[in-house]
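K.L.:
Structure file input.cif, mmCIF, N, CA and C atoms, pLDDT in the B column; chains and numbers go by the auth columns, is pasted below:
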data_query
loop_
_atom_site.group_PDB
_atom_site.id
_atom_site.type_symbol
_atom_site.label_atom_id
_atom_site.label_comp_id
_atom_site.label_asym_id
_atom_site.label_seq_id
_atom_site.Cartn_x
_atom_site.Cartn_y
_atom_site.Cartn_z
_atom_site.B_iso_or_equiv
_atom_site.auth_seq_id
_atom_site.auth_asym_id
ATOM 1 N N MET A 1 209.366 182.680 123.482 65.00 1 O
ATOM 2 C CA MET A 1 209.155 181.312 123.896 65.00 1 O
ATOM 3 C C MET A 1 208.166 181.247 125.064 65.00 1 O
ATOM 4 N N SER A 2 208.246 182.178 125.935 79.00 2 O
ATOM 5 C CA SER A 2 207.343 182.218 127.079 79.00 2 O
ATOM 6 C C SER A 2 205.901 182.434 126.623 79.00 2 O
ATOM 7 N N ASP A 3 205.705 183.236 125.580 81.00 3 O
ATOM 8 C CA ASP A 3 204.352 183.459 125.044 81.00 3 O
ATOM 9 C C ASP A 3 203.785 182.176 124.448 81.00 3 O
ATOM 10 N N GLU A 4 204.652 181.387 123.810 81.00 4 O
ATOM 11 C CA GLU A 4 204.195 180.126 123.229 81.00 4 O
ATOM 12 C C GLU A 4 203.747 179.163 124.328 81.00 4 O
ATOM 13 N N ILE A 5 204.470 179.130 125.418 82.00 5 O
ATOM 14 C CA ILE A 5 204.110 178.250 126.530 82.00 5 O
ATOM 15 C C ILE A 5 202.791 178.699 127.150 82.00 5 O
ATOM 16 N N LYS A 6 202.609 180.004 127.313 81.00 6 O
ATOM 17 C CA LYS A 6 201.366 180.516 127.871 81.00 6 O
ATOM 18 C C LYS A 6 200.192 180.185 126.964 81.00 6 O
ATOM 19 N N GLU A 7 200.410 180.332 125.652 82.00 7 O
ATOM 20 C CA GLU A 7 199.343 180.023 124.681 82.00 7 O
ATOM 21 C C GLU A 7 198.993 178.534 124.712 82.00 7 O
ATOM 22 N N ALA A 8 200.013 177.680 124.785 81.00 8 O
ATOM 23 C CA ALA A 8 199.771 176.240 124.836 81.00 8 O
ATOM 24 C C ALA A 8 199.033 175.882 126.129 81.00 8 O
ATOM 25 N N GLY A 9 199.411 176.498 127.233 83.00 9 O
ATOM 26 C CA GLY A 9 198.724 176.253 128.499 83.00 9 O
ATOM 27 C C GLY A 9 197.273 176.691 128.452 83.00 9 O
ATOM 28 N N LYS A 10 197.035 177.819 127.799 86.00 10 O
ATOM 29 C CA LYS A 10 195.667 178.322 127.680 86.00 10 O
ATOM 30 C C LYS A 10 194.821 177.373 126.824 86.00 10 O
ATOM 31 N N GLU A 11 195.385 176.892 125.711 86.00 11 O
ATOM 32 C CA GLU A 11 194.665 175.960 124.848 86.00 11 O
ATOM 33 C C GLU A 11 194.365 174.657 125.595 86.00 11 O
ATOM 34 N N PHE A 12 195.360 174.178 126.355 84.00 12 O
ATOM 35 C CA PHE A 12 195.167 172.955 127.127 84.00 12 O
ATOM 36 C C PHE A 12 194.077 173.151 128.185 84.00 12 O
ATOM 37 N N GLY A 13 194.090 174.287 128.830 85.00 13 O
ATOM 38 C CA GLY A 13 193.057 174.591 129.830 85.00 13 O
ATOM 39 C C GLY A 13 191.680 174.657 129.206 85.00 13 O
ATOM 40 N N ASP A 14 191.590 175.247 128.019 88.00 14 O
ATOM 41 C CA ASP A 14 190.300 175.305 127.322 88.00 14 O
ATOM 42 C C ASP A 14 189.799 173.907 126.976 88.00 14 O
ATOM 43 N N LYS A 15 190.699 173.045 126.524 88.00 15 O
ATOM 44 C CA LYS A 15 190.302 171.680 126.182 88.00 15 O
ATOM 45 C C LYS A 15 189.851 170.924 127.427 88.00 15 O
ATOM 46 N N LEU A 16 190.538 171.141 128.543 87.00 16 O
ATOM 47 C CA LEU A 16 190.128 170.495 129.788 87.00 16 O
ATOM 48 C C LEU A 16 188.754 170.979 130.236 87.00 16 O
ATOM 49 N N ASN A 17 188.497 172.273 130.097 90.00 17 O
ATOM 50 C CA ASN A 17 187.179 172.809 130.449 90.00 17 O
ATOM 51 C C ASN A 17 186.089 172.234 129.559 90.00 17 O
ATOM 52 N N ASP A 18 186.378 172.105 128.260 90.00 18 O
ATOM 53 C CA ASP A 18 185.410 171.502 127.342 90.00 18 O
ATOM 54 C C ASP A 18 185.122 170.059 127.736 90.00 18 O
ATOM 55 N N PHE A 19 186.175 169.307 128.072 88.00 19 O
ATOM 56 C CA PHE A 19 186.005 167.920 128.479 88.00 19 O
ATOM 57 C C PHE A 19 185.191 167.828 129.769 88.00 19 O
ATOM 58 N N ALA A 20 185.460 168.711 130.719 90.00 20 O
ATOM 59 C CA ALA A 20 184.715 168.714 131.980 90.00 20 O
ATOM 60 C C ALA A 20 183.243 169.026 131.741 90.00 20 O
ATOM 61 N N ASP A 21 182.957 169.973 130.868 89.00 21 O
ATOM 62 C CA ASP A 21 181.566 170.297 130.547 89.00 21 O
ATOM 63 C C ASP A 21 180.864 169.119 129.886 89.00 21 O
ATOM 64 N N MET A 22 181.569 168.441 128.973 91.00 22 O
ATOM 65 C CA MET A 22 180.997 167.297 128.291 91.00 22 O
ATOM 66 C C MET A 22 180.719 166.167 129.290 91.00 22 O
ATOM 67 N N ALA A 23 181.656 165.915 130.216 89.00 23 O
ATOM 68 C CA ALA A 23 181.454 164.873 131.223 89.00 23 O
ATOM 69 C C ALA A 23 180.274 165.216 132.132 89.00 23 O
ATOM 70 N N GLU A 24 180.144 166.472 132.496 87.00 24 O
ATOM 71 C CA GLU A 24 179.026 166.890 133.338 87.00 24 O
ATOM 72 C C GLU A 24 177.692 166.712 132.617 87.00 24 O
ATOM 73 N N ASP A 25 177.657 167.024 131.321 86.00 25 O
ATOM 74 C CA ASP A 25 176.433 166.828 130.541 86.00 25 O
ATOM 75 C C ASP A 25 176.044 165.350 130.487 86.00 25 O
ATOM 76 N N GLU A 26 177.022 164.479 130.254 83.00 26 O
ATOM 77 C CA GLU A 26 176.736 163.049 130.191 83.00 26 O
ATOM 78 C C GLU A 26 176.262 162.526 131.546 83.00 26 O
ATOM 79 N N PHE A 27 176.875 162.996 132.618 80.00 27 O
ATOM 80 C CA PHE A 27 176.457 162.589 133.964 80.00 27 O
ATOM 81 C C PHE A 27 175.021 163.033 134.224 80.00 27 O
ATOM 82 N N THR A 28 174.695 164.247 133.783 79.00 28 O
ATOM 83 C CA THR A 28 173.340 164.760 133.968 79.00 28 O
ATOM 84 C C THR A 28 172.340 163.937 133.159 79.00 28 O
ATOM 85 N N LYS A 29 172.734 163.520 131.960 77.00 29 O
ATOM 86 C CA LYS A 29 171.837 162.691 131.149 77.00 29 O
ATOM 87 C C LYS A 29 171.563 161.358 131.824 77.00 29 O
ATOM 88 N N LEU A 30 172.592 160.767 132.453 74.00 30 O
ATOM 89 C CA LEU A 30 172.417 159.470 133.085 74.00 30 O
ATOM 90 C C LEU A 30 171.706 159.562 134.431 74.00 30 O
ATOM 91 N N TYR A 31 172.112 160.527 135.254 72.00 31 O
ATOM 92 C CA TYR A 31 171.631 160.569 136.624 72.00 31 O
ATOM 93 C C TYR A 31 170.845 161.826 136.953 72.00 31 O
ATOM 94 N N GLY A 32 170.485 162.593 135.956 69.00 32 O
ATOM 95 C CA GLY A 32 169.770 163.847 136.185 69.00 32 O
ATOM 96 C C GLY A 32 168.357 163.606 136.686 69.00 32 O
ATOM 97 N N GLU A 33 167.550 164.641 136.624 67.00 33 O
ATOM 98 C CA GLU A 33 166.182 164.563 137.132 67.00 33 O
ATOM 99 C C GLU A 33 165.408 163.422 136.477 67.00 33 O
ATOM 100 N N GLU A 34 165.446 163.324 135.204 70.00 34 O
ATOM 101 C CA GLU A 34 164.798 162.224 134.493 70.00 34 O
ATOM 102 C C GLU A 34 165.775 161.658 133.474 70.00 34 O
ATOM 103 N N GLY A 35 166.948 161.296 133.927 69.00 35 O
ATOM 104 C CA GLY A 35 167.949 160.691 133.053 69.00 35 O
ATOM 105 C C GLY A 35 167.608 159.240 132.762 69.00 35 O
ATOM 106 N N LYS A 36 168.468 158.576 132.047 74.00 36 O
ATOM 107 C CA LYS A 36 168.230 157.194 131.651 74.00 36 O
ATOM 108 C C LYS A 36 168.138 156.263 132.853 74.00 36 O
ATOM 109 N N MET A 37 169.071 156.433 133.794 77.00 37 O
ATOM 110 C CA MET A 37 169.065 155.562 134.967 77.00 37 O
ATOM 111 C C MET A 37 167.809 155.766 135.803 77.00 37 O
ATOM 112 N N GLU A 38 167.389 157.004 135.942 78.00 38 O
ATOM 113 C CA GLU A 38 166.179 157.298 136.722 78.00 38 O
ATOM 114 C C GLU A 38 164.947 156.692 136.057 78.00 38 O
ATOM 115 N N CYS A 39 164.903 156.728 134.735 81.00 39 O
ATOM 116 C CA CYS A 39 163.778 156.130 134.010 81.00 39 O
ATOM 117 C C CYS A 39 163.738 154.617 134.223 81.00 39 O
ATOM 118 N N VAL A 40 164.902 153.981 134.195 85.00 40 O
ATOM 119 C CA VAL A 40 164.958 152.532 134.406 85.00 40 O
ATOM 120 C C VAL A 40 164.521 152.189 135.826 85.00 40 O
ATOM 121 N N VAL A 41 165.018 152.941 136.800 85.00 41 O
ATOM 122 C CA VAL A 41 164.654 152.683 138.195 85.00 41 O
ATOM 123 C C VAL A 41 163.146 152.859 138.396 85.00 41 O
ATOM 124 N N ASN A 42 162.586 153.908 137.821 87.00 42 O
ATOM 125 C CA ASN A 42 161.141 154.131 137.941 87.00 42 O
ATOM 126 C C ASN A 42 160.341 153.025 137.264 87.00 42 O
ATOM 127 N N PHE A 43 160.822 152.549 136.115 89.00 43 O
ATOM 128 C CA PHE A 43 160.139 151.459 135.409 89.00 43 O
ATOM 129 C C PHE A 43 160.109 150.205 136.270 89.00 43 O
ATOM 130 N N VAL A 44 161.244 149.863 136.890 92.00 44 O
ATOM 131 C CA VAL A 44 161.308 148.664 137.730 92.00 44 O
ATOM 132 C C VAL A 44 160.432 148.822 138.965 92.00 44 O
ATOM 133 N N ARG A 45 160.412 150.008 139.543 94.00 45 O
ATOM 134 C CA ARG A 45 159.574 150.237 140.719 94.00 45 O
ATOM 135 C C ARG A 45 158.084 150.170 140.379 94.00 45 O
ATOM 136 N N ASP A 46 157.718 150.709 139.218 95.00 46 O
ATOM 137 C CA ASP A 46 156.310 150.748 138.828 95.00 46 O
ATOM 138 C C ASP A 46 155.798 149.399 138.317 95.00 46 O
ATOM 139 N N ARG A 47 156.652 148.628 137.663 95.00 47 O
ATOM 140 C CA ARG A 47 156.234 147.368 137.042 95.00 47 O
ATOM 141 C C ARG A 47 157.217 146.248 137.408 95.00 47 O
ATOM 142 N N PRO A 48 157.211 145.794 138.651 94.00 48 O
ATOM 143 C CA PRO A 48 158.208 144.790 139.056 94.00 48 O
ATOM 144 C C PRO A 48 158.033 143.443 138.359 94.00 48 O
ATOM 145 N N LEU A 49 156.797 142.994 138.142 96.00 49 O
ATOM 146 C CA LEU A 49 156.600 141.700 137.499 96.00 49 O
ATOM 147 C C LEU A 49 156.992 141.727 136.025 96.00 49 O
ATOM 148 N N LEU A 50 156.665 142.812 135.339 95.00 50 O
ATOM 149 C CA LEU A 50 157.068 142.949 133.947 95.00 50 O
ATOM 150 C C LEU A 50 158.591 143.006 133.836 95.00 50 O
ATOM 151 N N SER A 51 159.232 143.704 134.754 95.00 51 O
ATOM 152 C CA SER A 51 160.694 143.786 134.758 95.00 51 O
ATOM 153 C C SER A 51 161.310 142.414 134.982 95.00 51 O
ATOM 154 N N LEU A 52 160.745 141.649 135.899 96.00 52 O
ATOM 155 C CA LEU A 52 161.239 140.301 136.162 96.00 52 O
ATOM 156 C C LEU A 52 161.052 139.413 134.936 96.00 52 O
ATOM 157 N N GLY A 53 159.916 139.542 134.274 96.00 53 O
ATOM 158 C CA GLY A 53 159.670 138.770 133.061 96.00 53 O
ATOM 159 C C GLY A 53 160.639 139.120 131.944 96.00 53 O
ATOM 160 N N LEU A 54 160.886 140.412 131.754 95.00 54 O
ATOM 161 C CA LEU A 54 161.843 140.829 130.724 95.00 54 O
ATOM 162 C C LEU A 54 163.248 140.331 131.031 95.00 54 O
ATOM 163 N N ALA A 55 163.651 140.405 132.297 95.00 55 O
ATOM 164 C CA ALA A 55 164.984 139.931 132.686 95.00 55 O
ATOM 165 C C ALA A 55 165.090 138.417 132.488 95.00 55 O
ATOM 166 N N SER A 56 164.035 137.676 132.808 97.00 56 O
ATOM 167 C CA SER A 56 164.033 136.224 132.614 97.00 56 O
ATOM 168 C C SER A 56 164.132 135.874 131.137 97.00 56 O
ATOM 169 N N PHE A 57 163.363 136.574 130.322 97.00 57 O
ATOM 170 C CA PHE A 57 163.393 136.325 128.878 97.00 57 O
ATOM 171 C C PHE A 57 164.777 136.623 128.305 97.00 57 O
ATOM 172 N N ALA A 58 165.364 137.750 128.714 96.00 58 O
ATOM 173 C CA ALA A 58 166.709 138.098 128.235 96.00 58 O
ATOM 174 C C ALA A 58 167.728 137.063 128.694 96.00 58 O
ATOM 175 N N GLY A 59 167.588 136.545 129.912 96.00 59 O
ATOM 176 C CA GLY A 59 168.495 135.513 130.407 96.00 59 O
ATOM 177 C C GLY A 59 168.364 134.215 129.629 96.00 59 O
ATOM 178 N N MET A 60 167.130 133.847 129.280 95.00 60 O
ATOM 179 C CA MET A 60 166.932 132.625 128.499 95.00 60 O
ATOM 180 C C MET A 60 167.542 132.761 127.110 95.00 60 O
ATOM 181 N N ILE A 61 167.359 133.900 126.481 94.00 61 O
ATOM 182 C CA ILE A 61 167.935 134.129 125.153 94.00 61 O
ATOM 183 C C ILE A 61 169.472 134.093 125.229 94.00 61 O
ATOM 184 N N LEU A 62 170.022 134.750 126.245 93.00 62 O
ATOM 185 C CA LEU A 62 171.482 134.760 126.412 93.00 62 O
ATOM 186 C C LEU A 62 172.010 133.349 126.658 93.00 62 O
ATOM 187 N N ALA A 63 171.331 132.575 127.496 92.00 63 O
ATOM 188 C CA ALA A 63 171.749 131.199 127.765 92.00 63 O
ATOM 189 C C ALA A 63 171.669 130.353 126.497 92.00 63 O
ATOM 190 N N TRP A 64 170.632 130.538 125.720 90.00 64 O
ATOM 191 C CA TRP A 64 170.479 129.792 124.470 90.00 64 O
ATOM 192 C C TRP A 64 171.611 130.123 123.500 90.00 64 O
ATOM 193 N N MET A 65 171.948 131.408 123.416 89.00 65 O
ATOM 194 C CA MET A 65 173.029 131.823 122.513 89.00 65 O
ATOM 195 C C MET A 65 174.371 131.268 122.983 89.00 65 O
ATOM 196 N N LEU A 66 174.641 131.329 124.281 88.00 66 O
ATOM 197 C CA LEU A 66 175.915 130.828 124.793 88.00 66 O
ATOM 198 C C LEU A 66 175.996 129.312 124.695 88.00 66 O
ATOM 199 N N LYS A 67 174.886 128.627 124.886 86.00 67 O
ATOM 200 C CA LYS A 67 174.873 127.188 124.761 86.00 67 O
ATOM 201 C C LYS A 67 175.187 126.776 123.319 86.00 67 O
ATOM 202 N N GLY A 68 174.678 127.549 122.380 78.00 68 O
ATOM 203 C CA GLY A 68 174.901 127.230 120.970 78.00 68 O
ATOM 204 C C GLY A 68 176.334 127.451 120.522 78.00 68 O
ATOM 205 N N CYS A 69 177.027 128.413 121.123 76.00 69 O
ATOM 206 C CA CYS A 69 178.376 128.692 120.630 76.00 69 O
ATOM 207 C C CYS A 69 179.477 128.131 121.535 76.00 69 O
ATOM 208 N N CYS A 70 179.187 127.906 122.803 72.00 70 O
ATOM 209 C CA CYS A 70 180.241 127.494 123.729 72.00 70 O
ATOM 210 C C CYS A 70 180.200 126.019 124.081 72.00 70 O
ATOM 211 N N CYS A 71 179.084 125.387 123.926 67.00 71 O
ATOM 212 C CA CYS A 71 178.941 124.014 124.416 67.00 71 O
ATOM 213 C C CYS A 71 178.877 122.987 123.280 67.00 71 O
ATOM 214 N N ARG A 72 179.374 123.318 122.137 65.00 72 O
ATOM 215 C CA ARG A 72 179.383 122.346 121.035 65.00 72 O
ATOM 216 C C ARG A 72 180.449 121.298 121.310 65.00 72 O
ATOM 217 N N LYS A 73 180.077 120.067 121.081 62.00 73 O
ATOM 218 C CA LYS A 73 181.020 118.975 121.318 62.00 73 O
ATOM 219 C C LYS A 73 181.819 118.719 120.052 62.00 73 O
ATOM 220 N N ALA A 74 183.108 118.549 120.240 54.00 74 O
ATOM 221 C CA ALA A 74 183.970 118.256 119.092 54.00 74 O
ATOM 222 C C ALA A 74 183.783 116.804 118.683 54.00 74 O
ATOM 223 N N LYS A 75 183.750 116.580 117.395 51.00 75 O
ATOM 224 C CA LYS A 75 183.565 115.206 116.894 51.00 75 O
ATOM 225 C C LYS A 75 184.868 114.647 116.412 51.00 75 O
#
Would you mind writing the structure in this file as C-alpha cells?

P.N.:
Amino acid sequence: MSDEIKEAGKEFGDKLNDFADMAEDEFTKLYGEEGKMECVVNFVRDRPLLSLGLASFAGMILAWMLKGCCCRKAK
C-alpha cells in the first residue's frame, strides 16, 4: 500500500511539473522578449494615431451592435 501511495504521489508531482512548465511557456509567449503583449505595446508606441483610430472604429462598431440588440423598444 505504501508503494501505491508513493507511485500516486510521483505521478501527481509529474503532472504538477508539466502544468508548471506549460504555464511558464504561456507566460513567456505573452510577456517574453517579443511576446504578444510586447508586440501590442510596441505597435501602440510606434503608431499612436493609427491605434487611436482602430480603437475608435472598434468602439463605434461595438456601440452599433449593442444599440441594435439592447435598445429595441417593445411595441

K.L.:
If you measure from atom C of Leu54 of chain O to atom N of Glu26 of chain O, what distance in Å do you get, rounded to one decimal?

P.N.:
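That distance, rounded to one decimal, is 27.8 Å.
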
K.L.:
Kindly provide, as AutoDock Vina command-line options, the centre and edge lengths (Å, one decimal) of an axis-aligned box around all atoms of segment 45-62 of chain O given in the file, with 8 Å on each side.

P.N.:
--center_x 163.9 --center_y 141.7 --center_z 132.9 --size_x 32.2 --size_y 34.1 --size_z 31.6

K.L.:
For a test of reading the model, state the distance in Å between atom CA of Asp21 of chain O and atom CA of Lys6 of chain O, rounded to one decimal.

P.N.:
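Atom-to-atom, atom CA of Asp21 of chain O to atom CA of Lys6 of chain O, that is 22.4 Å.
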